[in-house]
Amino acid sequence: MRNKPHVLLLSFAFSPNLGGVETHLDDLTGYLVAKEYPVTVVTYQPIASEEKAPSIEKHGLLEIHRLPWIRGLFLIFEARPILQVLYLVPALTIFAAIKIIKSARRIDIIQAHGFTMAISGYILSRIFHIPFTVNTHVSFQLPKKGMYASFLRFILRRAKQVLVLTSDAKKELLALGIEERNITTYHYWVDPVYAPGSQKESRKRLGLGKDRFILLFVGRFIRAKGVDMLLTVAQKTPKNVLFLFAGGGDLLGAVQDQERLGTVRYVGQLSRKELPNYYRSADICVIPSEIREKIYTEGIPRVLIESLSCGTPIIASDAGGLATFLSRDIGFLVKPPVEEVKKTVLSVYKNRRKLASMKKECLKLAQKEFGRERNAQIIEQSLL
């Protein structure tokens, strides 16, 4: 058997930073290492949270190298592509180049995660004559003219493959001028622990009332994720409704302050082993991300896949990749502000029978679209 190609994975975000991308990269590197691919990760110390991690980690065929960097600027530059490039690309590119030179074994392919890291991938590809791929993690509406469009077109046309999460994202790249044969659609997948089970038993384990109508939010507690809006909705719902918040972030204090009302409960930052019981306990999962006019929006949030895999329907904002998969059979698309979300929550609360049939459809979709082997093999094929 020939040796598997040595993969250099570039990402500005990696665990223990919290987020769907970081969790996916844990899953992906685990899969590749299990398939005997040597993987070297070059990333930053968490730049969007206060988490810290070792500068170097080695786990068999997996090596992780984290570059210390300036915290607190990522969210400021998120909507300014040029500033974000200047913030993220130069230092990581130089750092990765040093790792390539020092590597005991030749790097065979570079896997760049996100358009920003694609620039690093391209530069390193040119210097060291190594092919590179680009994996995207969001939905996007790209300008078709102007300097940014021309620059992005130039970079992506030189990638071996560009992987996207949705058909809409593929259409955007086609319109930009990327050849169809170089675009591949894939999806995230989740650990098998995310599976259906008894709501009654799950609530019993967690000490949740069997008669309450439970809505679950999982994610970062920031305004862009709609947390403040959801807290306002919680103030206007019957006392028998309970909003569970799992995660952490800037609005943690606001979540904890509202627990006194009795309709809100903070359940902490939950592990993979803990989360499935919360999904199974919930009547519905809420993904109320803000709808903004911007280039990048929600892709297919990991929360959506986890919830569907546990058989839990969704209420979500009509944004990004969410609209691609959220049919009336498995959930409800809403356009915030508060009143429409409140109206949808109360409608579902009063018509719970509909949720029983939706649970079955959730499982069907999860099994069809978000299986690990099919999607991991798509990524693996792009490296060969």
# chains A, B, ... in the order shown; residues from 1 in each chain; ligands from 1
>>> select_by_dssp(residues="region 330-362 of chain A", states="strand (DSSP E or B)", output="number ranges by chain")
A: 331-334
>>> write_last_selection(atoms="C-alpha atoms", output="PDB file, in the first residue's frame")
ATOM      1  CA  GLY A 331     -39.140  23.053  10.753  1.00  0.00           C
ATOM      2  CA  PHE A 332     -40.120  26.691  10.433  1.00  0.00           C
ATOM      3  CA  LEU A 333     -38.271  29.512   8.683  1.00  0.00           C
ATOM      4  CA  VAL A 334     -38.815  32.938  10.217  1.00  0.00           C
TER       5      VAL A 334
END
>>> residues_around(residues="Glu22 (chain A)", least_positions_apart="4", cutoff="12 Å", atoms="only C-alpha atoms", output="PyMOL selection string")
chain A and resi 11-18+26-29+43+46+48+113+137+188+301-302
>>> residues_around(residues="Asp108 (chain A)", least_positions_apart="3", cutoff="10 Å", atoms="only C-alpha atoms", output="list in words")
Lys4, Pro5, His6, Val7, Leu8, Pro38, Arg105, His129, Ile130, Pro131, Phe132, Leu383 and Leu384 of chain A
>>> write_last_selection(atoms="all heavy atoms", output="tab-separated table (two decimals), in the first residue's frame")
chain	number	residue	atom	x	y	z
A	4	LYS	N	-0.01	7.41	2.30
A	4	LYS	CA	-1.05	8.41	2.09
A	4	LYS	C	-0.40	9.80	2.02
A	4	LYS	O	0.63	10.05	2.66
A	4	LYS	CB	-2.07	8.37	3.24
A	4	LYS	CG	-2.83	7.05	3.35
A	4	LYS	CD	-3.79	6.86	2.20
A	4	LYS	CE	-4.56	5.57	2.29
A	4	LYS	NZ	-5.50	5.51	3.43
A	5	PRO	N	-0.98	10.72	1.26
A	5	PRO	CA	-0.41	12.06	1.17
A	5	PRO	C	-0.40	12.78	2.52
A	5	PRO	O	-1.32	12.62	3.33
A	5	PRO	CB	-1.32	12.78	0.17
A	5	PRO	CG	-2.56	11.95	0.08
A	5	PRO	CD	-2.15	10.55	0.39
A	6	HIS	N	0.66	13.54	2.75
A	6	HIS	CA	0.80	14.34	3.96
A	6	HIS	C	0.05	15.65	3.76
A	6	HIS	O	0.36	16.42	2.85
A	6	HIS	CB	2.28	14.58	4.23
A	6	HIS	CG	2.56	15.26	5.54
A	6	HIS	ND1	3.83	15.48	6.00
A	6	HIS	CD2	1.73	15.77	6.49
A	6	HIS	CE1	3.77	16.10	7.17
A	6	HIS	NE2	2.50	16.29	7.49
A	7	VAL	N	-0.93	15.91	4.60
A	7	VAL	CA	-1.82	17.06	4.45
A	7	VAL	C	-1.37	18.20	5.38
A	7	VAL	O	-1.19	17.98	6.58
A	7	VAL	CB	-3.28	16.68	4.78
A	7	VAL	CG1	-4.20	17.89	4.61
A	7	VAL	CG2	-3.75	15.51	3.93
A	8	LEU	N	-1.22	19.39	4.83
A	8	LEU	CA	-1.02	20.59	5.64
A	8	LEU	C	-2.35	21.31	5.71
A	8	LEU	O	-2.86	21.80	4.69
A	8	LEU	CB	0.04	21.50	5.02
A	8	LEU	CG	0.23	22.86	5.73
A	8	LEU	CD1	0.77	22.66	7.14
A	8	LEU	CD2	1.16	23.77	4.92
A	38	PRO	N	-1.01	11.41	7.35
A	38	PRO	CA	-0.34	12.35	8.26
A	38	PRO	C	-0.94	13.74	8.06
A	38	PRO	O	-1.13	14.19	6.92
A	38	PRO	CB	1.12	12.31	7.79
A	38	PRO	CG	1.23	11.12	6.88
A	38	PRO	CD	-0.12	10.90	6.30
A	105	ARG	N	8.95	15.17	6.61
A	105	ARG	CA	8.40	14.53	5.43
A	105	ARG	C	7.76	15.58	4.55
A	105	ARG	O	7.13	16.50	5.05
A	105	ARG	CB	7.36	13.48	5.85
A	105	ARG	CG	6.70	12.78	4.66
A	105	ARG	CD	5.63	11.83	5.10
A	105	ARG	NE	4.82	11.45	3.94
A	105	ARG	CZ	3.77	10.65	4.00
A	105	ARG	NH1	3.39	10.15	5.15
A	105	ARG	NH2	3.09	10.35	2.92
A	129	HIS	N	5.48	24.58	-4.79
A	129	HIS	CA	4.98	23.72	-5.86
A	129	HIS	C	4.17	22.55	-5.31
A	129	HIS	O	4.39	21.38	-5.63
A	129	HIS	CB	6.13	23.21	-6.73
A	129	HIS	CG	7.00	24.31	-7.26
A	129	HIS	ND1	6.58	25.18	-8.25
A	129	HIS	CD2	8.26	24.71	-6.91
A	129	HIS	CE1	7.54	26.06	-8.51
A	129	HIS	NE2	8.57	25.80	-7.71
A	130	ILE	N	3.22	22.90	-4.43
A	130	ILE	CA	2.33	21.92	-3.79
A	130	ILE	C	0.90	22.28	-4.16
A	130	ILE	O	0.51	23.45	-4.04
A	130	ILE	CB	2.49	21.93	-2.26
A	130	ILE	CG1	3.94	21.67	-1.85
A	130	ILE	CG2	1.57	20.91	-1.60
A	130	ILE	CD1	4.21	21.95	-0.38
A	131	PRO	N	0.07	21.35	-4.61
A	131	PRO	CA	-1.33	21.67	-4.91
A	131	PRO	C	-2.09	22.05	-3.65
A	131	PRO	O	-1.72	21.63	-2.54
A	131	PRO	CB	-1.87	20.38	-5.53
A	131	PRO	CG	-0.98	19.31	-5.02
A	131	PRO	CD	0.38	19.93	-4.86
A	132	PHE	N	-3.16	22.84	-3.81
A	132	PHE	CA	-3.97	23.21	-2.65
A	132	PHE	C	-5.44	23.10	-2.96
A	132	PHE	O	-5.87	23.26	-4.11
A	132	PHE	CB	-3.62	24.62	-2.14
A	132	PHE	CG	-4.14	25.75	-2.97
A	132	PHE	CD1	-5.23	26.51	-2.53
A	132	PHE	CD2	-3.54	26.09	-4.17
A	132	PHE	CE1	-5.72	27.57	-3.28
A	132	PHE	CE2	-4.01	27.16	-4.93
A	132	PHE	CZ	-5.10	27.90	-4.49
A	383	LEU	N	-8.28	15.26	-1.82
A	383	LEU	CA	-6.86	15.30	-1.43
A	383	LEU	C	-6.00	14.39	-2.29
A	383	LEU	O	-4.76	14.45	-2.20
A	383	LEU	CB	-6.71	14.88	0.05
A	383	LEU	CG	-7.50	15.73	1.05
A	383	LEU	CD1	-7.39	15.10	2.44
A	383	LEU	CD2	-6.97	17.16	1.08
A	384	LEU	N	-6.61	13.54	-3.09
A	384	LEU	CA	-5.86	12.52	-3.84
A	384	LEU	C	-5.47	13.00	-5.24
A	384	LEU	O	-6.08	13.90	-5.78
A	384	LEU	CB	-6.70	11.24	-3.92
A	384	LEU	CG	-7.06	10.61	-2.59
A	384	LEU	CD1	-7.96	9.40	-2.81
A	384	LEU	CD2	-5.82	10.22	-1.80
>>> closest_residue(among="A:Val255, A:Ile300, A:Ile56, A:Ala118", to="Arg157 (chain A)", atoms="only C-alpha atoms")
A:Ala118
>>> closest_residue(among="A:Ser382, A:Thr185, A:Thr232, A:Thr40", to="Leu61 (chain A)", atoms="only C-alpha atoms")
A:Thr40
>>> residues_around(residues="Ser281 (chain A)", least_positions_apart="3", cutoff="12 Å", atoms="only C-alpha atoms", output="ChimeraX atom specification")
/A:196-216,242-244,274-278,284-285,307,310-313
>>> closest_residue(among="A:Ala282, A:Ile183, A:Leu62, A:Val338", to="Gly226 (chain A)", atoms="only C-alpha atoms")
A:Val338
>>> atom_distance(atom1="CA of Lys102 (chain A)", atom2="CA of Val89 (chain A)")
20.0 Å
>>> closest_residue(among="A:Ala159, A:Leu165, A:Ile98, A:Leu9", to="Thr324 (chain A)", atoms="only C-alpha atoms")
A:Leu165
>>> closest_residue(among="A:Ile287, A:Val241, A:Leu163, A:Val42", to="Arg220 (chain A)", atoms="only C-alpha atoms")
A:Ile287
>>> closest_residue(among="A:Arg328, A:Lys225, A:Lys342, A:Lys35", to="Glu361 (chain A)", atoms="only C-alpha atoms")
A:Arg328
>>> residues_around(residues="Gly253 (chain A)", least_positions_apart="2", cutoff="12 Å", atoms="only C-alpha atoms", output="PyMOL selection string")
chain A and resi 221-222+227-228+231+245+248-251+255-259+266
>>> atom_distance(atom1="CA of Asn182 (chain A)", atom2="CA of Val134 (chain A)")
10.3 Å
>>> decode(residues="region 209-259 of chain A", atoms="N, CA and C atoms", output="tab-separated table (two decimals), in the first residue's frame")
chain	number	residue	atom	x	y	z
A	209	GLY	N	-38.81	19.20	33.68
A	209	GLY	CA	-40.22	18.86	33.84
A	209	GLY	C	-40.79	18.17	32.61
A	210	LYS	N	-41.55	17.13	32.81
A	210	LYS	CA	-42.07	16.36	31.68
A	210	LYS	C	-43.18	17.09	30.93
A	211	ASP	N	-43.82	18.09	31.56
A	211	ASP	CA	-44.96	18.76	30.92
A	211	ASP	C	-44.62	20.11	30.28
A	212	ARG	N	-43.40	20.60	30.49
A	212	ARG	CA	-43.06	21.91	29.94
A	212	ARG	C	-42.75	21.82	28.45
A	213	PHE	N	-43.03	22.91	27.75
A	213	PHE	CA	-42.67	23.01	26.33
A	213	PHE	C	-41.28	23.62	26.28
A	214	ILE	N	-40.31	22.86	25.75
A	214	ILE	CA	-38.90	23.25	25.85
A	214	ILE	C	-38.33	23.62	24.49
A	215	LEU	N	-37.71	24.80	24.44
A	215	LEU	CA	-36.97	25.25	23.26
A	215	LEU	C	-35.49	25.30	23.62
A	216	LEU	N	-34.63	24.87	22.72
A	216	LEU	CA	-33.20	24.78	22.98
A	216	LEU	C	-32.41	25.68	22.03
A	217	PHE	N	-31.50	26.48	22.60
A	217	PHE	CA	-30.53	27.23	21.81
A	217	PHE	C	-29.15	26.71	22.15
A	218	VAL	N	-28.35	26.40	21.11
A	218	VAL	CA	-26.97	25.94	21.29
A	218	VAL	C	-26.07	26.81	20.42
A	219	GLY	N	-25.07	27.45	21.03
A	219	GLY	CA	-24.16	28.26	20.22
A	219	GLY	C	-23.51	29.36	21.02
A	220	ARG	N	-22.88	30.29	20.30
A	220	ARG	CA	-22.23	31.43	20.95
A	220	ARG	C	-23.27	32.46	21.36
A	221	PHE	N	-23.11	32.99	22.53
A	221	PHE	CA	-24.04	34.00	23.04
A	221	PHE	C	-23.59	35.38	22.55
A	222	ILE	N	-23.91	35.66	21.29
A	222	ILE	CA	-23.58	36.94	20.70
A	222	ILE	C	-24.79	37.45	19.93
A	223	ARG	N	-24.79	38.72	19.65
A	223	ARG	CA	-25.93	39.36	18.99
A	223	ARG	C	-26.19	38.75	17.61
A	224	ALA	N	-25.12	38.44	16.86
A	224	ALA	CA	-25.29	37.92	15.50
A	224	ALA	C	-26.03	36.59	15.49
A	225	LYS	N	-25.97	35.85	16.59
A	225	LYS	CA	-26.67	34.57	16.68
A	225	LYS	C	-28.11	34.73	17.17
A	226	GLY	N	-28.54	35.96	17.42
A	226	GLY	CA	-29.92	36.23	17.79
A	226	GLY	C	-30.25	35.97	19.25
A	227	VAL	N	-29.24	35.92	20.11
A	227	VAL	CA	-29.48	35.59	21.52
A	227	VAL	C	-30.29	36.67	22.22
A	228	ASP	N	-29.95	37.93	21.99
A	228	ASP	CA	-30.69	39.01	22.65
A	228	ASP	C	-32.15	39.02	22.22
A	229	MET	N	-32.39	38.74	20.94
A	229	MET	CA	-33.76	38.68	20.42
A	229	MET	C	-34.53	37.53	21.05
A	230	LEU	N	-33.86	36.39	21.22
A	230	LEU	CA	-34.53	35.22	21.80
A	230	LEU	C	-34.86	35.46	23.28
A	231	LEU	N	-34.01	36.18	23.97
A	231	LEU	CA	-34.29	36.53	25.36
A	231	LEU	C	-35.52	37.43	25.46
A	232	THR	N	-35.69	38.31	24.49
A	232	THR	CA	-36.89	39.16	24.47
A	232	THR	C	-38.14	38.33	24.23
A	233	VAL	N	-38.05	37.35	23.33
A	233	VAL	CA	-39.18	36.44	23.09
A	233	VAL	C	-39.54	35.68	24.36
A	234	ALA	N	-38.52	35.26	25.10
A	234	ALA	CA	-38.76	34.48	26.32
A	234	ALA	C	-39.54	35.26	27.36
A	235	GLN	N	-39.44	36.60	27.32
A	235	GLN	CA	-40.18	37.44	28.26
A	235	GLN	C	-41.67	37.48	27.94
A	236	LYS	N	-42.03	37.08	26.70
A	236	LYS	CA	-43.40	37.25	26.22
A	236	LYS	C	-44.11	35.93	25.99
A	237	THR	N	-43.64	34.86	26.61
A	237	THR	CA	-44.24	33.54	26.41
A	237	THR	C	-44.82	33.02	27.73
A	238	PRO	N	-45.75	32.06	27.65
A	238	PRO	CA	-46.36	31.51	28.86
A	238	PRO	C	-45.32	30.88	29.79
A	239	LYS	N	-45.61	30.81	31.07
A	239	LYS	CA	-44.68	30.28	32.06
A	239	LYS	C	-44.37	28.81	31.84
A	240	ASN	N	-45.23	28.11	31.10
A	240	ASN	CA	-44.99	26.69	30.86
A	240	ASN	C	-43.95	26.46	29.75
A	241	VAL	N	-43.53	27.54	29.11
A	241	VAL	CA	-42.49	27.46	28.08
A	241	VAL	C	-41.13	27.68	28.74
A	242	LEU	N	-40.14	26.86	28.38
A	242	LEU	CA	-38.81	26.98	28.95
A	242	LEU	C	-37.77	27.05	27.83
A	243	PHE	N	-36.95	28.11	27.85
A	243	PHE	CA	-35.86	28.27	26.90
A	243	PHE	C	-34.56	27.81	27.57
A	244	LEU	N	-33.92	26.80	27.00
A	244	LEU	CA	-32.63	26.33	27.49
A	244	LEU	C	-31.52	26.94	26.63
A	245	PHE	N	-30.50	27.51	27.26
A	245	PHE	CA	-29.38	28.10	26.54
A	245	PHE	C	-28.11	27.32	26.87
A	246	ALA	N	-27.49	26.74	25.85
A	246	ALA	CA	-26.24	25.99	26.01
A	246	ALA	C	-25.15	26.69	25.22
A	247	GLY	N	-24.05	27.02	25.87
A	247	GLY	CA	-22.95	27.69	25.18
A	247	GLY	C	-22.32	28.74	26.06
A	248	GLY	N	-21.78	29.77	25.45
A	248	GLY	CA	-21.14	30.85	26.20
A	248	GLY	C	-20.79	31.98	25.27
A	249	GLY	N	-20.42	33.12	25.85
A	249	GLY	CA	-20.06	34.28	25.02
A	249	GLY	C	-20.39	35.58	25.70
A	250	ASP	N	-20.36	36.66	24.93
A	250	ASP	CA	-20.50	38.00	25.48
A	250	ASP	C	-21.81	38.23	26.21
A	251	LEU	N	-22.88	37.55	25.79
A	251	LEU	CA	-24.21	37.79	26.38
A	251	LEU	C	-24.56	36.77	27.48
A	252	LEU	N	-23.55	36.08	27.99
A	252	LEU	CA	-23.81	35.11	29.06
A	252	LEU	C	-24.47	35.78	30.26
A	253	GLY	N	-23.99	36.97	30.64
A	253	GLY	CA	-24.57	37.68	31.78
A	253	GLY	C	-26.04	37.97	31.58
A	254	ALA	N	-26.43	38.36	30.36
A	254	ALA	CA	-27.83	38.65	30.06
A	254	ALA	C	-28.68	37.41	30.18
A	255	VAL	N	-28.15	36.26	29.72
A	255	VAL	CA	-28.88	34.98	29.84
A	255	VAL	C	-29.08	34.63	31.31
A	256	GLN	N	-28.03	34.74	32.09
A	256	GLN	CA	-28.12	34.38	33.51
A	256	GLN	C	-29.04	35.33	34.28
A	257	ASP	N	-29.01	36.62	33.91
A	257	ASP	CA	-29.89	37.59	34.58
A	257	ASP	C	-31.36	37.25	34.37
A	258	GLN	N	-31.69	36.70	33.21
A	258	GLN	CA	-33.09	36.45	32.89
A	258	GLN	C	-33.60	35.12	33.47
A	259	GLU	N	-32.73	34.34	34.07
A	259	GLU	CA	-33.18	33.08	34.69
A	259	GLU	C	-34.21	33.32	35.78
